[in-house]
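Comments concern the structure below.
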Amino acid sequence: MHSRTIPANESILEPVSAKCEGFNFRGFRWMKTMIHTIKEINERRDILPNITLGYQIFDTCFTISKAMESALVFLTGQEENKPNFRNSTGAYLAGIVGSGGSSLSIAASRILGLYYLPQVGYASTCSILSDKFQFPSYIRTIASDKVQSEAMVKLIQHFGWVWIGTIAADDDYGKYGVKAFKEQLESVNLCIAFSEIIPKVYSNEKMQKAVNAVKTSTAKVIVLYTSDIDLSPFVLEMVYHNITDRTWIASEAWITSALIAKPEYFPYFGGSIGFAIPRSDIPGLKEFLYDIHPSKDPNDVLTIEFWQTAFNCTWPNSSVPYNVDHRVNMTGKEDTLYSMSDKFCTGEEKLEDLNNTYLDVSQLRITNNVKQAVYAMAYALDHLSRCQEGDGPFLPERSCAYIPDFEPWQLMYYMKTLKFETHDGRRLEIDPNGDVMGYYDILNWQLGDHGEVAFVKVGEYRFTKNKFELIFAKNSTIFWNTEASRLPHSVCTDVCPPGTRKGIRQGEPICCFDCIPCADGHVSERAGQRECDRCSEDYWSNEQKSMCVLKEVEFLAYDEALGFTLVILSIFGALVALAVTVVYVIYRNTPLANANDRELSFLIQFSLVVTVLSSMLFIGKPYNWSCKARQVTLALGFSLCLSSTLGKTISLFFAYRISVSKTRFTSMRPIFRKIIVLISVLIEIGICVAYLILQPPRVYKNMESQNIKIILECNEGSVEFLCSLFGVDAFLALLCFLTTFVARQLPDNYYEGKCITFGMLVFFIVWISFVPAYLSTKGKFKVAVEIFAILASSYGLLGCIFAPKCFIMLLRPKKNTDETVGGRVPTVDRSVQLTSASVSSELNNTTVSTVLED
């Protein structure tokens with residue numbers, strides 16, 4: 001009924017029982033509720049018939065020492081030094097209801113548990129009281145703080161808060177409550193910003209440390225695990241320092257406390273949200289509370305003190321002290337008031353004029369637990385009294401216990417298995433740990449219509465053996481004490497946006513981190529990811545690193561400028577080669593067209609059409625068939641071109657040998673030149689067939705060259721086969737060059753030998769330059785380099801071999817005669833006359849032609 005004890009007089013050495021001060025209207029209401037419930041049970045005939053329950057009240061004064069003193073008095077009967085389980089009136093002591101606070105219940109239960117004396121708590125929620133090894137005879141009608149801590153964490157998760165401060169009373173309730181809360185918080189990877197205590201005995205240093213933590217921390221959401229009495233000095237500090245813009249998560253001990261829920265505190269604590277014991281209405285309690293007056297019992301000191309405190313007056317002829325306060329206030333000075341009130345109580349004061357906690361029955365929560373605690377004791381006694389001999393729970397011979405000669409442990413048997421229905425239809429069941437299941441109301445502090453603090457229910461937290469559920473009403477409106485009344489934002493570091501990952505700071509909580517951009521090829525699609533996810537091989541990260549996108553597929557396409565240009569050049573080259581063919585067909589009977597084997601010229605022209613058109617196979621999206629076709633077609637085209645050119649150059653070589661010797665040679669028949677072409681092409685075809693069968697080219701996704709692109713190219717399969725293919729062409733080209741280089745000085749008006757020599761030089765220069773250029777480029781440009789080499793070499797051969805002849809045929813037709821084409825030149829042997837058109841051989845009277853006619 002009181003909130004503190006008066007400090008002991010240090011000049012008195014003899015230990016005396018401490019006196020109490022600070023009348024507590026709330027505790028007084030709990031006491032009256034217990035009396036009301038006992039009277040209700042005694043009036044009932046279905047519970048404990050023919051047995052009358054009594055009571056003896058001890059005031060713990062909200063201090064451990066008084067709680068211990070009360071427990072010892074209960075056990076000893078005040079005068080004896082051993083337990084006799086009878087109170088000071090001589091009546092048998094069945095059990096104890098209380099105490100009000102966790103620390104008080106722990107202290108008392110450590111003594112009472114030694115004798116297994118039943119103790120039923122109604123407001124002590126400390127989780128350690130569930131330990132039946134330490135507290136074997138303690139049960140309670142209120143849920144454990146373990147459940148409340150879980151509920152707080154789920155509430156925090158629901159609103160997305162991650163950076164939480166905690167402040168606890170410096171007692172078992174605060175310490176164990178915050179300990180359980182921290183364990184639950186850390187299990188879901190949320191963080192504690194700070195953890196401070198409110199001293200039980202006022203200490204300016206400790207109080208300022210807690211205040212500074214609240215003031216300087218970035219945490220905007222703070223859990224307060226304390227009773228209303230211990231919280232009161234801290235509230236005054238918040239007001240004094242004008243600390244607002246904080247959201248307080250309240251424990252059940254103060255969420256509905258009228259001591260804290262005052263309009264003047266609302267700017268600082270408005271919007272508080274927390275868990276409360278379910279509200280209930282108790283029939284007849286309001287009338288019972290109003291049925292109180294000091295004149296009814298002059299010896300009822302509690303009623304007199306209530307009256308004096310409530311009406312601010314002094315009851316006549318009373319020794320009850322008035323409004324004594326020995327505390328040290330915030331300034332560090334004693335604030336002791338001994339003076340009596342100037343006004344005497346008349347007895348005519350009206351309770352209806354009061355507005356205090358005692359008469360407020362709108363929030364009967366812990367008050368209802370007091371009622372259920374008394375009923376728990378009564379139901380256990382009732383079950384004990386109804387035991388039938390031979391069907392009892394005790395050994396030997398299934399015996400029973402009887403009132404009033406039972407042992408405390410026998411009553412505890414019934415207490416631990418207790419199940420009953422309360423007056424409001426709820427089912428109360430004690431579990432093996434002495435705890436109960438049920439639900440919490442979630443309350444939010446809002447300002448009422450008349451300026452008072454209203455406890456608005458916005459949801460529930462239901463907890464059973466197998467289910468824990470946080471439920472918010474759909475139409476509920478929560479008031480937040482923030483700017484614009486928005487949901488508080490309480491984080492150490494804002495959630496890392498998509499595209500970044502968390503970088504843990506060494507030595508700091510996991511909620512404090514740096515946001516590190518994802519590496520290339522890695523993404524974080526969701527906010528707050530610890531690690532970036534690697535994109536699959538066909539995907540790459542976008543610029544923001546927030547999602548994987550398909551890699552750009554690169555190849556030399558027809559519709560881009562480079563590809564289109566190469567297509568035009570290829571088609572133009574083919575048209576030029578066809579135009580040369582048309583010219584040769586038109587002038588097929590002229591000396592220049594017939595010079596040095598006309599059929600070989602047609603084969604060269606056809607092969608050049610094939611080679612320039614084969615470059616188009618390198619353009620566009622590669623497919624397996626195009627990869628196989630392009631290198632083979634190119635190799636065969638060059639093989640036909642170079643082998644036909646070799647047929648021409650060998651003839652020139654023989655002609656030159658005649659010019660430098662004095663001998664005559666037999667003619668080289670045209671069939672031999674065709675055989676050279678055929679053999680060369682057949683060798684190339686054989687290699688191509690083996691290449692395509694054994695290790696054919698295929699489409700390849702090149703992802704190594706550029707991470708952000710897939711270069712679609714052809715894997716040429718076997719490098720050995722590819723070198724063999726073009727090695728044959730290179731060998732033919734080398735033979736062509738050597739033979740025609742030797743015959744380059746063959747005198748004539750039309751120097752075909754020199755033209756082929758230049759053509760071979762162009763061919764070699766192009767392909768020798770191609771190698772470093774090809775190796776130094778990547779992607780589609782690599783393909784473009786190869787096409788440029790194909791076109792350049794093809795254009796070079798076409799221009800060097802056929803341009804001079806076409807020039808004469810088209811623009812200088814008068815020079816297209818046997819005399820002009822084949823003019824005479826001196827030889828070593830003056831009897832032998834050589835031209836590029838004919839060589840007279842006096843040996844065997846035959847001709848070895850340098851123009852090699854059929």
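Following the order of the structure tokens, first chain is A, next is B, and so on, with residues numbered from 1 inside each chain and ligands from 1 in the order they appear.
Across region 148-322 of chain A, DSSP run on the backbone finds strand (DSSP E or B) at A:Trp163, A:Ile164, A:Gly165, A:Thr166, A:Ile167, A:Ala168, A:Ala169, A:Cys191, A:Ile192, A:Ala193, A:Phe194, A:Ser195, A:Glu196, A:Ile197, A:Ile198, A:Val221, A:Ile222, A:Val223, A:Leu224, A:Tyr225, A:Thr247, A:Trp248, A:Ile249, A:Ala250, A:Ile273, A:Gly274, A:Phe275, A:Ala276, A:Thr314.
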Resulting file, chosen residues, C-alpha atoms, as a PDB file, in the first residue's frame:
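What landed in again22.pdb:
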ATOM      1  CA  TRP A 163      17.829  -0.019 -33.532  1.00  0.00           C
ATOM      2  CA  ILE A 164      16.376  -0.140 -30.035  1.00  0.00           C
ATOM      3  CA  GLY A 165      17.335   1.377 -26.712  1.00  0.00           C
ATOM      4  CA  THR A 166      16.473  -0.237 -23.391  1.00  0.00           C
ATOM      5  CA  ILE A 167      16.025   1.263 -19.941  1.00  0.00           C
ATOM      6  CA  ALA A 168      15.281  -0.956 -16.953  1.00  0.00           C
ATOM      7  CA  ALA A 169      14.681  -0.602 -13.280  1.00  0.00           C
ATOM      8  CA  CYS A 191      20.264  -4.515 -32.254  1.00  0.00           C
ATOM      9  CA  ILE A 192      20.499  -2.771 -28.916  1.00  0.00           C
ATOM     10  CA  ALA A 193      21.585   0.854 -29.235  1.00  0.00           C
ATOM     11  CA  PHE A 194      22.083   1.340 -25.510  1.00  0.00           C
ATOM     12  CA  SER A 195      21.034  -0.278 -22.253  1.00  0.00           C
ATOM     13  CA  GLU A 196      20.743   1.813 -19.102  1.00  0.00           C
ATOM     14  CA  ILE A 197      19.168   1.467 -15.662  1.00  0.00           C
ATOM     15  CA  ILE A 198      16.986   3.627 -13.470  1.00  0.00           C
ATOM     16  CA  VAL A 221      12.345   3.612 -30.085  1.00  0.00           C
ATOM     17  CA  ILE A 222      13.087   2.737 -26.462  1.00  0.00           C
ATOM     18  CA  VAL A 223      11.859  -0.157 -24.322  1.00  0.00           C
ATOM     19  CA  LEU A 224      11.075   0.701 -20.703  1.00  0.00           C
ATOM     20  CA  TYR A 225      11.113  -2.306 -18.371  1.00  0.00           C
ATOM     21  CA  THR A 247       8.519   6.294 -29.005  1.00  0.00           C
ATOM     22  CA  TRP A 248       8.382   4.297 -25.787  1.00  0.00           C
ATOM     23  CA  ILE A 249       7.539   0.599 -25.706  1.00  0.00           C
ATOM     24  CA  ALA A 250       5.921   0.005 -22.342  1.00  0.00           C
ATOM     25  CA  ILE A 273       2.738   1.567 -27.156  1.00  0.00           C
ATOM     26  CA  GLY A 274       2.904  -1.541 -25.053  1.00  0.00           C
ATOM     27  CA  PHE A 275       1.315  -4.637 -23.658  1.00  0.00           C
ATOM     28  CA  ALA A 276      -1.284  -4.759 -20.955  1.00  0.00           C
ATOM     29  CA  THR A 314      -5.962  15.398   8.813  1.00  0.00           C
TER      30      THR A 314
END
Per-residue nearest contacts of region 107-154 of chain A to region 46-65 of chain A (12 Å; only C-alpha atoms) as JSON lines:
{"residue": "A:Ala107", "atom": "CA", "partner": "A:Ile64", "partner_atom": "CA", "distance": 6.4}
{"residue": "A:Ala108", "atom": "CA", "partner": "A:Ile64", "partner_atom": "CA", "distance": 8.2}
{"residue": "A:Ser109", "atom": "CA", "partner": "A:Ile64", "partner_atom": "CA", "distance": 11.4}
{"residue": "A:Arg110", "atom": "CA", "partner": "A:Ile64", "partner_atom": "CA", "distance": 11.8}
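Here the question is which of A:Leu798, A:Arg501, A:Lys780, A:Cys512 gets nearest to Lys545 (chain A) using only C-alpha atoms, and that residue is A:Arg501.
Distance check against Leu562 (chain A) using only C-alpha atoms: of A:Ile787, A:Leu428, A:Ile708, A:Ala18, the minimum falls on A:Ile787.
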Residues near region 262-268 of chain A, cut-off 8 Å, only C-alpha atoms, skip fewer than 4 positions along chain, as a list of chain:residue names: A:Val235, A:Met238, A:Val239, A:Asn242, A:Ile243, A:Thr244, A:Asp245, A:Arg246, A:Ala258, A:Leu447, A:Gly451, A:Glu452, A:Val453, A:Asn481
Mind dumping the selected residues with all heavy atoms as a compact mmCIF listing (two decimals), in the first residue's frame?
# COMPACT_ATOMS: atom_id res chain seq x y z
N VAL A 235 10.67 10.02 -15.59
CA VAL A 235 9.71 10.84 -16.35
C VAL A 235 9.96 12.32 -16.09
O VAL A 235 9.94 13.16 -17.01
CB VAL A 235 8.27 10.44 -15.99
CG1 VAL A 235 7.26 11.42 -16.61
CG2 VAL A 235 7.97 9.02 -16.47
N MET A 238 12.86 13.50 -18.09
CA MET A 238 12.53 13.70 -19.50
C MET A 238 11.84 15.06 -19.70
O MET A 238 12.09 15.77 -20.67
CB MET A 238 11.60 12.58 -20.00
CG MET A 238 12.27 11.21 -20.09
SD MET A 238 13.59 11.10 -21.31
CE MET A 238 15.01 11.19 -20.21
N VAL A 239 10.96 15.40 -18.76
CA VAL A 239 10.26 16.68 -18.83
C VAL A 239 11.26 17.82 -18.62
O VAL A 239 11.24 18.83 -19.33
CB VAL A 239 9.14 16.74 -17.77
CG1 VAL A 239 8.49 18.12 -17.75
CG2 VAL A 239 8.10 15.66 -18.05
N ASN A 242 13.32 18.26 -21.60
CA ASN A 242 12.48 18.51 -22.79
C ASN A 242 12.84 17.55 -23.93
O ASN A 242 13.06 17.95 -25.07
CB ASN A 242 12.62 19.96 -23.26
CG ASN A 242 11.53 20.33 -24.26
OD1 ASN A 242 10.43 19.79 -24.23
ND2 ASN A 242 11.84 21.24 -25.17
N ILE A 243 12.89 16.28 -23.61
CA ILE A 243 13.20 15.25 -24.62
C ILE A 243 11.90 14.71 -25.18
O ILE A 243 11.13 14.05 -24.49
CB ILE A 243 14.04 14.12 -23.99
CG1 ILE A 243 15.38 14.68 -23.50
CG2 ILE A 243 14.28 13.01 -25.01
CD1 ILE A 243 16.25 13.66 -22.79
N THR A 244 11.67 15.00 -26.43
CA THR A 244 10.45 14.52 -27.12
C THR A 244 10.89 13.70 -28.33
O THR A 244 12.03 13.30 -28.45
CB THR A 244 9.58 15.70 -27.56
OG1 THR A 244 10.35 16.56 -28.42
CG2 THR A 244 9.12 16.52 -26.36
N ASP A 245 9.95 13.46 -29.20
CA ASP A 245 10.23 12.72 -30.45
C ASP A 245 10.82 11.35 -30.16
O ASP A 245 11.73 10.89 -30.83
CB ASP A 245 11.16 13.53 -31.35
CG ASP A 245 11.19 12.97 -32.78
OD1 ASP A 245 10.18 12.39 -33.18
OD2 ASP A 245 12.23 13.13 -33.46
N ARG A 246 10.35 10.70 -29.13
CA ARG A 246 10.74 9.32 -28.83
C ARG A 246 9.48 8.47 -28.73
O ARG A 246 8.43 8.94 -28.28
CB ARG A 246 11.52 9.23 -27.52
CG ARG A 246 12.83 10.00 -27.47
CD ARG A 246 13.86 9.47 -28.45
NE ARG A 246 15.15 10.09 -28.27
CZ ARG A 246 15.51 11.25 -28.80
NH1 ARG A 246 14.64 11.94 -29.52
NH2 ARG A 246 16.73 11.74 -28.61
N ALA A 258 -1.82 5.31 -13.80
CA ALA A 258 -2.27 6.70 -13.70
C ALA A 258 -1.17 7.60 -13.16
O ALA A 258 -1.21 8.82 -13.35
CB ALA A 258 -3.50 6.78 -12.81
N LEU A 447 -4.55 11.09 -26.84
CA LEU A 447 -5.20 12.15 -26.08
C LEU A 447 -6.70 12.05 -26.25
O LEU A 447 -7.22 12.01 -27.38
CB LEU A 447 -4.70 13.52 -26.57
CG LEU A 447 -4.71 14.66 -25.54
CD1 LEU A 447 -3.89 14.28 -24.31
CD2 LEU A 447 -4.19 15.94 -26.16
N GLY A 451 -8.97 15.94 -22.95
CA GLY A 451 -7.58 16.26 -22.62
C GLY A 451 -6.89 15.24 -21.76
O GLY A 451 -5.73 15.42 -21.38
N GLU A 452 -7.55 14.13 -21.44
CA GLU A 452 -6.93 13.10 -20.60
C GLU A 452 -6.20 12.10 -21.49
O GLU A 452 -6.42 12.03 -22.69
CB GLU A 452 -8.00 12.39 -19.76
CG GLU A 452 -8.82 11.32 -20.49
CD GLU A 452 -9.87 11.90 -21.43
OE1 GLU A 452 -9.96 13.15 -21.55
OE2 GLU A 452 -10.59 11.10 -22.08
N VAL A 453 -5.32 11.32 -20.88
CA VAL A 453 -4.61 10.27 -21.60
C VAL A 453 -5.52 9.05 -21.71
O VAL A 453 -6.00 8.53 -20.70
CB VAL A 453 -3.30 9.90 -20.90
CG1 VAL A 453 -2.61 8.74 -21.63
CG2 VAL A 453 -2.37 11.10 -20.83
N ASN A 481 4.21 9.88 -31.58
CA ASN A 481 4.67 11.17 -31.06
C ASN A 481 5.90 11.64 -31.85
O ASN A 481 6.99 11.80 -31.30
CB ASN A 481 5.01 11.03 -29.57
CG ASN A 481 5.23 12.38 -28.91
OD1 ASN A 481 4.77 13.41 -29.40
ND2 ASN A 481 5.94 12.37 -27.79
Find the residues around Ser705 (chain A) up to 12 Å (only C-alpha atoms counted), leave out those fewer than 2 positions away in its own chain, and share them as a compact mmCIF listing (two decimals) with N, CA and C atoms, in the first residue's frame.
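Contents of around-v4.txt, as written:
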# COMPACT_ATOMS: atom_id res chain seq x y z
N GLU A 554 26.89 -10.14 -78.98
CA GLU A 554 27.62 -9.40 -80.01
C GLU A 554 28.04 -10.31 -81.14
N LYS A 701 29.89 -19.45 -77.36
CA LYS A 701 29.61 -18.22 -76.63
C LYS A 701 30.87 -17.80 -75.88
N ASN A 702 31.51 -16.79 -76.37
CA ASN A 702 32.74 -16.29 -75.75
C ASN A 702 32.37 -15.29 -74.66
N MET A 703 32.58 -15.70 -73.40
CA MET A 703 32.26 -14.83 -72.27
C MET A 703 33.51 -14.34 -71.55
N ASN A 707 33.12 -9.21 -70.06
CA ASN A 707 32.15 -9.72 -69.08
C ASN A 707 30.73 -9.30 -69.40
N ILE A 708 30.59 -8.11 -69.96
CA ILE A 708 29.24 -7.58 -70.13
C ILE A 708 28.59 -8.04 -71.43
N LYS A 709 29.34 -8.79 -72.23
CA LYS A 709 28.81 -9.22 -73.52
C LYS A 709 29.04 -10.70 -73.72
N ILE A 710 28.17 -11.29 -74.51
CA ILE A 710 28.40 -12.63 -75.02
C ILE A 710 28.81 -12.47 -76.48
N ILE A 711 30.04 -12.79 -76.77
CA ILE A 711 30.51 -12.69 -78.15
C ILE A 711 30.19 -14.01 -78.83
N LEU A 712 29.25 -13.96 -79.74
CA LEU A 712 28.83 -15.15 -80.44
C LEU A 712 29.78 -15.35 -81.62
N GLU A 713 30.58 -16.38 -81.54
CA GLU A 713 31.57 -16.60 -82.58
C GLU A 713 31.67 -18.08 -82.86
N SER A 776 44.92 -9.13 -82.22
CA SER A 776 44.81 -7.99 -81.30
C SER A 776 43.40 -7.44 -81.18
N THR A 777 42.47 -7.99 -81.90
CA THR A 777 41.09 -7.52 -81.85
C THR A 777 40.19 -8.58 -81.22
N LYS A 778 39.00 -8.13 -80.79
CA LYS A 778 38.05 -9.02 -80.14
C LYS A 778 36.66 -8.79 -80.71
N GLY A 779 35.83 -9.80 -80.52
CA GLY A 779 34.43 -9.66 -80.87
C GLY A 779 34.20 -9.56 -82.36
N LYS A 780 33.24 -8.73 -82.68
CA LYS A 780 32.85 -8.62 -84.09
C LYS A 780 33.94 -7.99 -84.94
N LYS A 782 37.01 -8.69 -84.77
CA LYS A 782 37.90 -9.77 -85.16
C LYS A 782 37.42 -10.40 -86.46
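Reported to one decimal place, the separation of CA of Gln506 (chain A) from CA of Glu543 (chain A) is 29.3 Å.
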